[in-house]
file coords05.csv (CSV, C-alpha atoms (C1' of nucleotides))
chain,number,residue,atom,x,y,z
A,1,MET,CA,-57.0,-86.2,28.5
A,2,PRO,CA,-60.3,-87.2,27.1
A,3,GLU,CA,-60.1,-88.8,23.7
A,4,LEU,CA,-62.8,-90.9,22.0
A,5,PRO,CA,-63.1,-93.7,24.6
A,6,GLU,CA,-63.3,-91.2,27.5
A,7,VAL,CA,-65.8,-89.0,25.7
A,8,GLU,CA,-67.9,-92.0,24.8
A,9,GLU,CA,-67.8,-93.2,28.4
A,10,VAL,CA,-68.9,-89.8,29.5
A,11,ARG,CA,-71.8,-89.9,27.0
A,12,ARG,CA,-72.9,-93.4,28.1
A,13,THR,CA,-72.9,-92.4,31.8
A,14,LEU,CA,-74.5,-89.0,31.2
A,15,ILE,CA,-77.5,-90.5,29.3
A,16,PRO,CA,-79.3,-92.0,32.3
A,17,VAL,CA,-78.8,-88.8,34.2
A,18,LEU,CA,-79.7,-86.2,31.6
A,19,VAL,CA,-81.8,-87.7,28.8
A,20,GLY,CA,-85.5,-87.2,29.7
A,21,ALA,CA,-84.7,-84.9,32.6
A,22,ARG,CA,-86.1,-81.3,32.6
A,23,ILE,CA,-83.7,-78.4,33.2
A,24,MET,CA,-84.9,-76.4,36.1
A,25,ASP,CA,-82.0,-74.0,36.6
A,26,ILE,CA,-78.7,-73.0,35.0
A,27,LYS,CA,-75.9,-71.4,36.9
A,28,ILE,CA,-73.1,-69.9,34.7
A,29,LEU,CA,-70.1,-69.5,37.0
A,30,ARG,CA,-67.7,-68.6,34.2
A,31,PRO,CA,-69.4,-66.9,31.3
A,32,ASP,CA,-66.3,-67.0,29.0
A,33,TYR,CA,-66.4,-70.8,29.1
A,34,ILE,CA,-69.7,-70.5,27.1
A,35,ARG,CA,-68.0,-70.0,23.7
A,36,SER,CA,-71.3,-69.1,21.9
A,37,GLY,CA,-74.9,-68.7,22.7
A,38,LEU,CA,-74.4,-67.3,26.2
A,39,ASP,CA,-77.4,-65.0,26.0
A,40,ALA,CA,-79.7,-67.8,24.9
A,41,LEU,CA,-78.5,-70.3,27.5
A,42,PRO,CA,-81.0,-69.3,30.2
A,43,ARG,CA,-83.8,-70.2,27.8
A,44,LEU,CA,-83.0,-73.9,28.1
A,45,CYS,CA,-84.8,-73.8,31.5
A,46,GLY,CA,-88.0,-75.8,31.3
A,47,HIS,CA,-86.8,-77.9,28.4
A,48,LYS,CA,-85.8,-81.6,28.3
A,49,VAL,CA,-82.7,-83.2,26.8
A,50,VAL,CA,-83.9,-85.8,24.3
A,51,ALA,CA,-80.6,-87.2,23.0
A,52,ILE,CA,-76.8,-87.1,23.5
A,53,ASP,CA,-74.7,-87.9,20.5
A,54,ARG,CA,-70.9,-87.9,20.0
A,55,HIS,CA,-68.7,-87.3,17.0
A,56,GLY,CA,-65.0,-87.7,17.6
A,57,LYS,CA,-64.4,-85.8,20.8
A,58,TRP,CA,-67.5,-83.6,20.5
A,59,LEU,CA,-70.7,-84.1,22.5
A,60,PHE,CA,-74.1,-82.9,21.2
A,61,CYS,CA,-76.9,-82.6,23.7
A,62,ARG,CA,-80.2,-82.1,21.8
A,63,LEU,CA,-83.1,-80.5,23.5
A,64,ASP,CA,-86.8,-81.0,22.9
A,65,HIS,CA,-87.0,-77.8,20.9
A,66,ASP,CA,-84.0,-78.7,18.9
A,67,GLN,CA,-81.6,-76.2,20.5
A,68,THR,CA,-78.4,-78.1,20.9
A,69,LEU,CA,-75.7,-77.8,23.5
A,70,VAL,CA,-72.2,-78.8,22.2
A,71,LEU,CA,-69.5,-79.7,24.7
A,72,HIS,CA,-65.8,-80.4,24.2
A,73,LEU,CA,-63.8,-81.5,27.2
A,74,GLY,CA,-60.4,-80.2,26.0
A,75,MET,CA,-57.6,-81.5,28.1
A,76,SER,CA,-59.1,-81.5,31.6
A,77,GLY,CA,-62.8,-81.3,31.2
A,78,ARG,CA,-65.1,-83.3,33.4
A,79,ILE,CA,-68.9,-83.7,33.5
A,80,SER,CA,-70.3,-85.0,36.8
A,81,ALA,CA,-73.7,-85.7,38.3
A,82,ALA,CA,-74.3,-85.0,41.9
A,83,PRO,CA,-77.2,-84.3,44.3
A,84,VAL,CA,-78.2,-80.7,44.5
A,85,ALA,CA,-77.0,-80.4,48.1
A,86,GLY,CA,-73.3,-81.3,47.5
A,87,GLY,CA,-70.6,-78.7,47.3
A,88,VAL,CA,-69.3,-77.6,43.8
A,89,GLU,CA,-65.7,-78.4,43.1
A,90,LYS,CA,-63.1,-75.8,42.1
A,91,HIS,CA,-63.1,-74.8,38.4
A,92,THR,CA,-66.8,-75.7,37.9
A,93,HIS,CA,-68.0,-73.3,35.1
A,94,LEU,CA,-71.6,-74.4,34.5
A,95,VAL,CA,-74.2,-76.2,36.6
A,96,PHE,CA,-77.6,-77.6,35.4
A,97,THR,CA,-80.1,-78.4,38.1
A,98,LEU,CA,-82.6,-81.0,36.9
A,99,ASP,CA,-86.1,-81.9,38.0
A,100,SER,CA,-84.7,-85.1,39.5
A,101,GLN,CA,-83.0,-83.0,42.2
A,102,ARG,CA,-79.7,-83.8,40.7
A,103,GLN,CA,-77.1,-81.5,39.1
A,104,VAL,CA,-75.0,-81.9,36.0
A,105,ARG,CA,-71.7,-79.9,36.5
A,106,VAL,CA,-69.2,-79.0,33.9
A,107,CYS,CA,-65.7,-78.5,35.4
A,108,ASP,CA,-62.5,-77.8,33.4
A,109,PRO,CA,-59.4,-76.5,35.3
A,110,ARG,CA,-57.4,-75.8,32.1
A,111,ARG,CA,-60.4,-74.5,30.2
A,112,PHE,CA,-59.2,-75.9,26.9
A,113,GLY,CA,-62.7,-77.2,26.4
A,114,GLY,CA,-65.9,-75.2,26.1
A,115,VAL,CA,-69.6,-75.1,25.6
A,116,TRP,CA,-71.5,-73.9,22.5
A,117,LEU,CA,-75.2,-73.4,22.2
A,118,HIS,CA,-76.8,-73.6,18.7
A,119,GLU,CA,-80.4,-73.0,17.7
A,120,THR,CA,-80.6,-76.4,15.9
A,121,MET,CA,-78.9,-79.7,15.8
A,122,GLU,CA,-78.1,-79.1,12.2
A,123,GLN,CA,-76.4,-75.8,13.0
A,124,ALA,CA,-74.4,-77.5,15.7
A,125,ARG,CA,-73.2,-80.2,13.4
A,126,ALA,CA,-72.4,-77.6,10.7
A,127,ALA,CA,-70.3,-75.5,13.1
A,128,HIS,CA,-68.3,-78.3,14.6
A,129,ILE,CA,-68.3,-81.3,12.3
A,130,HIS,CA,-69.1,-80.6,8.7
A,131,LYS,CA,-66.1,-78.5,8.0
A,132,GLY,CA,-62.9,-80.4,8.5
A,133,VAL,CA,-63.8,-83.2,10.9
A,134,GLY,CA,-63.5,-86.7,9.5
A,135,VAL,CA,-65.4,-90.0,10.1
A,136,ASP,CA,-65.7,-91.0,13.8
A,137,ALA,CA,-62.9,-93.4,14.6
A,138,LEU,CA,-65.3,-96.1,15.9
A,139,LEU,CA,-66.9,-96.2,12.4
A,140,LEU,CA,-63.6,-96.1,10.5
A,141,GLU,CA,-63.4,-98.3,7.5
A,142,PHE,CA,-60.7,-99.0,4.9
A,143,ALA,CA,-62.5,-96.9,2.3
A,144,ASP,CA,-62.2,-93.8,4.5
A,145,LEU,CA,-58.4,-93.9,4.3
A,146,GLN,CA,-58.1,-95.0,0.7
A,147,HIS,CA,-57.3,-91.5,-0.5
A,148,TRP,CA,-54.4,-91.2,1.9
A,149,ARG,CA,-51.8,-92.4,-0.7
A,150,ARG,CA,-52.5,-89.3,-2.7
A,151,ALA,CA,-51.6,-87.2,0.3
A,152,GLY,CA,-48.0,-86.4,1.3
A,153,GLY,CA,-48.6,-86.1,5.0
A,154,ARG,CA,-47.2,-88.3,7.8
A,155,LEU,CA,-49.2,-90.7,9.9
A,156,LYS,CA,-49.2,-89.2,13.3
A,157,THR,CA,-49.7,-85.6,12.2
A,158,THR,CA,-52.6,-86.6,10.0
A,159,LEU,CA,-54.3,-88.7,12.6
A,160,LEU,CA,-53.9,-85.9,15.2
A,161,SER,CA,-55.5,-83.4,12.8
A,162,GLN,CA,-59.0,-85.0,13.1
A,163,ARG,CA,-59.4,-84.2,9.4
A,164,ASP,CA,-59.8,-87.8,8.1
A,165,VAL,CA,-60.4,-89.6,11.4
A,166,ALA,CA,-62.1,-88.0,14.4
A,167,GLY,CA,-61.6,-88.9,18.0
A,168,LEU,CA,-57.9,-90.0,18.3
A,169,GLY,CA,-55.5,-88.1,20.4
A,170,ASN,CA,-51.9,-88.6,21.5
A,171,ILE,CA,-52.5,-91.7,23.6
A,172,TYR,CA,-54.5,-93.8,21.2
A,173,ILE,CA,-52.5,-92.9,18.1
A,174,ASP,CA,-49.3,-94.0,19.7
A,175,GLU,CA,-50.9,-97.2,20.9
A,176,ALA,CA,-52.6,-98.0,17.5
A,177,LEU,CA,-49.4,-97.3,15.5
A,178,TRP,CA,-47.4,-99.6,17.8
A,179,LEU,CA,-50.0,-102.3,17.4
A,180,ALA,CA,-49.9,-101.9,13.6
A,181,ARG,CA,-46.1,-101.7,13.6
A,182,LEU,CA,-46.2,-98.4,11.7
A,183,HIS,CA,-43.7,-95.6,12.2
A,184,PRO,CA,-45.4,-92.3,13.4
A,185,GLN,CA,-43.6,-90.3,10.7
A,186,GLN,CA,-44.5,-92.8,8.0
A,187,ILE,CA,-45.3,-90.9,4.8
A,188,LEU,CA,-48.8,-91.9,3.8
A,189,ASN,CA,-48.3,-92.4,0.1
A,190,ARG,CA,-45.9,-95.3,0.8
A,191,LEU,CA,-48.6,-97.4,2.7
A,192,SER,CA,-50.0,-100.5,1.0
A,193,ASP,CA,-53.6,-101.5,1.0
A,194,ARG,CA,-52.7,-104.2,3.6
A,195,GLN,CA,-51.0,-101.7,5.9
A,196,ILE,CA,-53.9,-99.3,5.8
A,197,GLN,CA,-56.3,-102.2,6.5
A,198,THR,CA,-54.0,-103.2,9.5
A,199,LEU,CA,-54.0,-99.7,10.8
A,200,VAL,CA,-57.8,-99.5,10.6
A,201,GLU,CA,-58.1,-102.8,12.5
A,202,CYS,CA,-55.6,-101.7,15.1
A,203,ILE,CA,-57.3,-98.4,15.7
A,204,GLY,CA,-60.6,-100.3,16.2
A,205,ALA,CA,-59.0,-102.9,18.5
A,206,VAL,CA,-57.3,-100.2,20.8
A,207,LEU,CA,-60.5,-98.2,21.0
A,208,ALA,CA,-62.7,-101.2,21.7
A,209,GLN,CA,-60.4,-102.5,24.5
A,210,SER,CA,-60.3,-99.0,26.1
A,211,LEU,CA,-64.1,-98.7,25.9
A,212,ARG,CA,-64.5,-102.0,27.6
A,213,LEU,CA,-62.3,-100.7,30.5
A,214,GLY,CA,-64.0,-97.3,30.7
A,215,GLY,CA,-61.2,-95.3,29.1
A,216,THR,CA,-57.8,-94.1,30.3
A,217,THR,CA,-57.3,-92.3,33.6
A,218,LEU,CA,-53.7,-91.0,33.9
A,219,ARG,CA,-54.6,-88.4,36.6
A,220,ASP,CA,-57.7,-86.3,36.1
A,221,TYR,CA,-60.2,-88.2,33.9
A,222,ARG,CA,-63.4,-89.5,35.5
A,223,ASN,CA,-66.7,-90.5,34.0
A,224,VAL,CA,-70.0,-88.8,35.1
A,225,ALA,CA,-70.2,-91.0,38.2
A,226,LEU,CA,-66.6,-90.0,39.0
A,227,GLN,CA,-65.2,-93.5,38.3
A,228,GLU,CA,-61.7,-93.9,36.8
A,229,GLY,CA,-61.0,-95.6,33.5
A,230,ARG,CA,-58.9,-98.8,33.7
A,231,PHE,CA,-57.1,-98.7,30.4
A,232,ALA,CA,-53.9,-97.0,31.7
A,233,LYS,CA,-52.5,-100.4,32.9
A,234,LYS,CA,-52.9,-101.7,29.3
A,235,LEU,CA,-50.8,-99.0,27.7
A,236,GLN,CA,-48.0,-100.5,25.6
A,237,VAL,CA,-46.1,-97.4,24.6
A,238,TYR,CA,-47.7,-94.1,25.8
A,239,GLY,CA,-45.6,-92.7,28.7
A,240,ARG,CA,-43.0,-95.5,28.3
A,241,GLY,CA,-40.2,-93.6,26.5
A,242,GLY,CA,-36.8,-95.2,27.3
A,243,LEU,CA,-38.4,-98.5,28.6
A,244,PRO,CA,-38.2,-101.8,26.7
A,245,CYS,CA,-40.7,-102.5,24.0
A,246,LYS,CA,-43.1,-105.1,25.3
A,247,ARG,CA,-43.0,-106.9,22.0
A,248,CYS,CA,-39.3,-107.0,21.1
A,249,GLY,CA,-37.4,-105.6,24.0
A,250,ALA,CA,-35.7,-102.8,22.2
A,251,GLY,CA,-35.7,-99.4,23.9
A,252,LEU,CA,-38.8,-97.3,23.1
A,253,LYS,CA,-37.9,-93.9,21.7
A,254,ALA,CA,-39.7,-90.6,22.6
A,255,ILE,CA,-39.7,-87.8,20.0
A,256,ALA,CA,-41.7,-84.6,19.4
A,257,ILE,CA,-44.2,-84.6,16.5
A,258,SER,CA,-46.5,-81.6,16.1
A,259,GLY,CA,-45.4,-80.5,19.6
A,260,ARG,CA,-46.5,-83.7,21.2
A,261,THR,CA,-44.4,-86.4,22.8
A,262,THR,CA,-44.6,-89.5,20.6
A,263,VAL,CA,-43.3,-92.9,21.8
A,264,PHE,CA,-42.6,-95.7,19.4
A,265,CYS,CA,-40.4,-98.7,19.0
A,266,PRO,CA,-37.6,-98.0,16.5
A,267,ALA,CA,-37.1,-101.8,16.0
A,268,CYS,CA,-40.6,-103.0,15.2
A,269,GLN,CA,-42.1,-99.7,13.8
A,270,LYS,CA,-39.8,-99.2,10.9
A,271,ARG,CA,-40.4,-96.5,8.3
A,272,ILE,CA,-41.6,-98.0,5.0
A,273,THR,CA,-40.3,-96.3,1.9
A,274,VAL,CA,-41.7,-98.7,-0.7
A,275,ALA,CA,-45.2,-100.0,-0.3
A,276,ASP,CA,-45.0,-103.8,0.3
A,277,GLY,CA,-47.2,-104.7,-2.6
A,278,ARG,CA,-44.5,-103.2,-4.9
A,279,ASP,CA,-41.4,-104.8,-3.3
A,280,LYS,CA,-41.1,-107.2,-6.2
A,281,ASP,CA,-41.1,-104.4,-8.8
A,282,ALA,CA,-38.5,-102.5,-6.8
A,283,ALA,CA,-36.2,-105.6,-6.7
A,284,ALA,CA,-36.7,-106.1,-10.4
A,285,ASN,CA,-35.7,-102.6,-11.2
A,286,PRO,CA,-33.2,-101.4,-8.5
A,287,ARG,CA,-32.2,-98.3,-10.5
A,288,ARG,CA,-35.6,-96.8,-10.0
A,289,THR,CA,-36.0,-97.4,-6.2
A,290,GLY,CA,-33.0,-99.4,-5.2
A,291,LYS,CA,-32.0,-97.7,-2.0
A,292,ARG,CA,-35.6,-97.4,-0.8
A,293,ALA,CA,-36.2,-101.1,-1.6
A,294,ARG,CA,-33.3,-102.2,0.6
A,295,ASN,CA,-34.7,-100.1,3.5
A,296,ALA,CA,-38.1,-101.6,3.1
A,297,ASN,CA,-36.7,-105.1,3.1
A,298,SER,CA,-34.8,-104.5,6.3
A,299,GLY,CA,-38.0,-103.6,8.1
B,1,DT,C1',-46.7,-76.3,7.4
B,2,DT,C1',-45.4,-74.9,11.7
B,3,DA,C1',-45.3,-72.2,15.9
B,4,DG,C1',-47.6,-69.9,19.4
B,5,DG,C1',-51.5,-69.1,22.6
B,6,DC,C1',-54.8,-70.6,25.7
B,7,DC,C1',-54.6,-72.5,31.0
B,8,DT,C1',-53.7,-75.0,35.6
B,9,DG,C1',-51.6,-78.5,38.4
B,10,DC,C1',-47.9,-81.1,39.3
B,11,DA,C1',-43.0,-82.9,39.3
B,12,DC,C1',-38.6,-81.4,39.8
C,1,DG,C1',-39.0,-71.0,39.8
C,2,DT,C1',-39.3,-73.7,35.6
C,3,DG,C1',-41.0,-76.8,32.5
C,4,DC,C1',-44.1,-80.0,30.9
C,5,DA,C1',-48.7,-82.0,29.8
C,6,DG,C1',-51.7,-81.2,25.0
C,7,DG,C1',-56.7,-80.3,21.8
C,8,DC,C1',-57.8,-76.9,19.0
C,9,DC,C1',-57.6,-72.5,16.8
C,10,DT,C1',-55.2,-68.7,14.7
C,11,DA,C1',-51.5,-66.4,12.5
C,12,DA,C1',-47.3,-66.2,10.0

call {"tool": "encode", "arguments": {"input": "coords05.csv", "output": "structure tokens"}}
result
Amino acid sequence: MPELPEVEEVRRTLIPVLVGARIMDIKILRPDYIRSGLDALPRLCGHKVVAIDRHGKWLFCRLDHDQTLVLHLGMSGRISAAPVAGGVEKHTHLVFTLDSQRQVRVCDPRRFGGVWLHETMEQARAAHIHKGVGVDALLLEFADLQHWRRAGGRLKTTLLSQRDVAGLGNIYIDEALWLARLHPQQILNRLSDRQIQTLVECIGAVLAQSLRLGGTTLRDYRNVALQEGRFAKKLQVYGRGGLPCKRCGAGLKAIAISGRTTVFCPACQKRITVADGRDKDAAANPRRTGKRARNANSG
DNA sequence: TTAGGCCTGCAC
DNA sequence: GTGCAGGCCTAA
């Protein structure tokens, strides 16, 4: 399932194939996979792609006349480059033939992804990013999450929503929360500055390591050259429900949050009910937060 | 805020 | 045959 590292790896491997190339032909094998701009799509012929950007899990291919093709890989999307002569694999919905005599093919068996064509880059960003998609997770800083304590939400649900941080999905959220020793159902307004800073650092560390290894291939994911990612063997919690925690040996627990399987260590990812910066106050005034303070100290 | 829908392949 | 995998959108 492509999350930020996989989409970024696709971007990096797509650039040498697509940027600077002229589109000579477009074959639309599945029109309903083109979510907007279907009628305008043939007009891309003769134009060149000048840049490929990414925000979260969204890819933006800008052309020389500013029309912008937006791609989302959903759960099973794949973009591949191949010689014109080769056969097209099943579930291929869109094929660009380039002046380099190569093709860029968009394939997505489950069709949770899609392709959108916008008249300008600005319109593309307005449609997919400006409303409701937060800062790209690779650029995440402490300040981006400072307002969290005023929110009542829970960690995993909030991170999945893309609203504050864009690009994380089920795999990397579970990995980052384990690394940060934070409970997936942690209520945000109980986090201390230090815990938020730790979370920001752990998200960055997990993403950086996965990027170095070309992302995670569980089954389907491939980059544009059809190479697998090698981060799967580094996974600490994802897919390991019931197995021992690699840090403390306790049994990892699998629960459903927002309809997604969530794996965490109940021993080293305790829920915090009093922010650690306020523990002293809680101890000094047990009547106010007594029970919560004891829970916090036990974790 | 949560549940359902979209969709196919695969494990059982 | 059934259930599960889940990113994102929409509706209740």

call {"tool": "residues_around", "arguments": {"input": "coords05.csv", "residues": "region 2-10 of chain B", "least_positions_apart": "5", "cutoff": "10 Å", "atoms": "all atoms listed in the file", "output": "PyMOL selection string"}}
result
(chain A and resi 75-76+91+108-112+258-259) or (chain C and resi 4-5+8-12)

call {"tool": "closest_atom_pairs", "arguments": {"input": "coords05.csv", "of": "chain A", "to": "chain C", "cutoff": "12 Å", "atoms": "only C-alpha atoms (C1' of nucleotides)", "output": "JSON lines"}}
result
{"residue": "A:Met1", "atom": "CA", "partner": "C:DG6", "partner_atom": "C1'", "distance": 8.1}
{"residue": "A:Pro2", "atom": "CA", "partner": "C:DG7", "partner_atom": "C1'", "distance": 9.4}
{"residue": "A:Glu3", "atom": "CA", "partner": "C:DG7", "partner_atom": "C1'", "distance": 9.3}
{"residue": "A:Gly56", "atom": "CA", "partner": "C:DG7", "partner_atom": "C1'", "distance": 11.9}
{"residue": "A:Lys57", "atom": "CA", "partner": "C:DG7", "partner_atom": "C1'", "distance": 9.5}
{"residue": "A:Trp58", "atom": "CA", "partner": "C:DG7", "partner_atom": "C1'", "distance": 11.4}
{"residue": "A:His72", "atom": "CA", "partner": "C:DG7", "partner_atom": "C1'", "distance": 9.4}
{"residue": "A:Leu73", "atom": "CA", "partner": "C:DG7", "partner_atom": "C1'", "distance": 9.0}
{"residue": "A:Gly74", "atom": "CA", "partner": "C:DG7", "partner_atom": "C1'", "distance": 5.6}
{"residue": "A:Met75", "atom": "CA", "partner": "C:DG7", "partner_atom": "C1'", "distance": 6.5}
{"residue": "A:Ser76", "atom": "CA", "partner": "C:DG6", "partner_atom": "C1'", "distance": 9.9}
{"residue": "A:Gly77", "atom": "CA", "partner": "C:DG7", "partner_atom": "C1'", "distance": 11.3}
{"residue": "A:Arg110", "atom": "CA", "partner": "C:DG6", "partner_atom": "C1'", "distance": 10.6}
{"residue": "A:Arg111", "atom": "CA", "partner": "C:DG7", "partner_atom": "C1'", "distance": 10.9}
{"residue": "A:Phe112", "atom": "CA", "partner": "C:DG7", "partner_atom": "C1'", "distance": 7.2}
{"residue": "A:Gly113", "atom": "CA", "partner": "C:DG7", "partner_atom": "C1'", "distance": 8.2}
{"residue": "A:Gly114", "atom": "CA", "partner": "C:DC8", "partner_atom": "C1'", "distance": 10.9}
{"residue": "A:His128", "atom": "CA", "partner": "C:DC8", "partner_atom": "C1'", "distance": 11.5}
{"residue": "A:Val133", "atom": "CA", "partner": "C:DC8", "partner_atom": "C1'", "distance": 11.9}
{"residue": "A:Leu160", "atom": "CA", "partner": "C:DG7", "partner_atom": "C1'", "distance": 9.1}
{"residue": "A:Ser161", "atom": "CA", "partner": "C:DC8", "partner_atom": "C1'", "distance": 9.3}
{"residue": "A:Gln162", "atom": "CA", "partner": "C:DC8", "partner_atom": "C1'", "distance": 10.1}
{"residue": "A:Ala166", "atom": "CA", "partner": "C:DG7", "partner_atom": "C1'", "distance": 12.0}
{"residue": "A:Gly167", "atom": "CA", "partner": "C:DG7", "partner_atom": "C1'", "distance": 10.6}
{"residue": "A:Leu168", "atom": "CA", "partner": "C:DG7", "partner_atom": "C1'", "distance": 10.4}
{"residue": "A:Gly169", "atom": "CA", "partner": "C:DG7", "partner_atom": "C1'", "distance": 8.0}
{"residue": "A:Asn170", "atom": "CA", "partner": "C:DG6", "partner_atom": "C1'", "distance": 8.2}
{"residue": "A:Ile171", "atom": "CA", "partner": "C:DG6", "partner_atom": "C1'", "distance": 10.6}
{"residue": "A:Leu218", "atom": "CA", "partner": "C:DA5", "partner_atom": "C1'", "distance": 11.1}
{"residue": "A:Arg219", "atom": "CA", "partner": "C:DA5", "partner_atom": "C1'", "distance": 11.0}
{"residue": "A:Asp220", "atom": "CA", "partner": "C:DA5", "partner_atom": "C1'", "distance": 11.8}
{"residue": "A:Gly239", "atom": "CA", "partner": "C:DA5", "partner_atom": "C1'", "distance": 11.2}
{"residue": "A:Ala256", "atom": "CA", "partner": "C:DG6", "partner_atom": "C1'", "distance": 12.0}
{"residue": "A:Ile257", "atom": "CA", "partner": "C:DG6", "partner_atom": "C1'", "distance": 11.8}
{"residue": "A:Ser258", "atom": "CA", "partner": "C:DG6", "partner_atom": "C1'", "distance": 10.3}
{"residue": "A:Gly259", "atom": "CA", "partner": "C:DG6", "partner_atom": "C1'", "distance": 8.3}
{"residue": "A:Arg260", "atom": "CA", "partner": "C:DG6", "partner_atom": "C1'", "distance": 6.9}
{"residue": "A:Thr261", "atom": "CA", "partner": "C:DG6", "partner_atom": "C1'", "distance": 9.2}
{"residue": "A:Thr262", "atom": "CA", "partner": "C:DG6", "partner_atom": "C1'", "distance": 11.8}

call {"tool": "atom_distance", "arguments": {"input": "coords05.csv", "atom1": "CA of Glu6 (chain A)", "atom2": "CA of Glu122 (chain A)"}}
result
24.5 Å

call {"tool": "atom_distance", "arguments": {"input": "coords05.csv", "atom1": "CA of Thr217 (chain A)", "atom2": "CA of Gly242 (chain A)"}}
result
21.6 Å

call {"tool": "atom_distance", "arguments": {"input": "coords05.csv", "atom1": "CA of Ala85 (chain A)", "atom2": "CA of Ser100 (chain A)"}}
result
12.5 Å

call {"tool": "decode", "arguments": {"input": "coords05.csv", "residues": "chain C", "atoms": "C-alpha atoms (C1' of nucleotides)", "output": "short mmCIF file (atom, residue, chain, number, x, y, z; two decimals), in the first residue's frame"}}
result
data_model
loop_
_atom_site.label_atom_id
_atom_site.label_comp_id
_atom_site.auth_asym_id
_atom_site.auth_seq_id
_atom_site.Cartn_x
_atom_site.Cartn_y
_atom_site.Cartn_z
"C1'" DG C 1 -17.51 -19.33 -0.10
"C1'" DT C 2 -16.00 -15.98 3.21
"C1'" DG C 3 -13.29 -12.54 5.13
"C1'" DC C 4 -9.63 -9.52 5.13
"C1'" DA C 5 -6.41 -5.91 3.34
"C1'" DG C 6 -7.28 -0.26 3.56
"C1'" DG C 7 -7.00 5.37 1.40
"C1'" DC C 8 -10.30 8.37 0.76
"C1'" DC C 9 -14.93 10.13 0.23
"C1'" DT C 10 -19.71 10.52 1.51
"C1'" DA C 11 -23.62 10.11 4.38
"C1'" DA C 12 -25.95 9.45 8.64
#
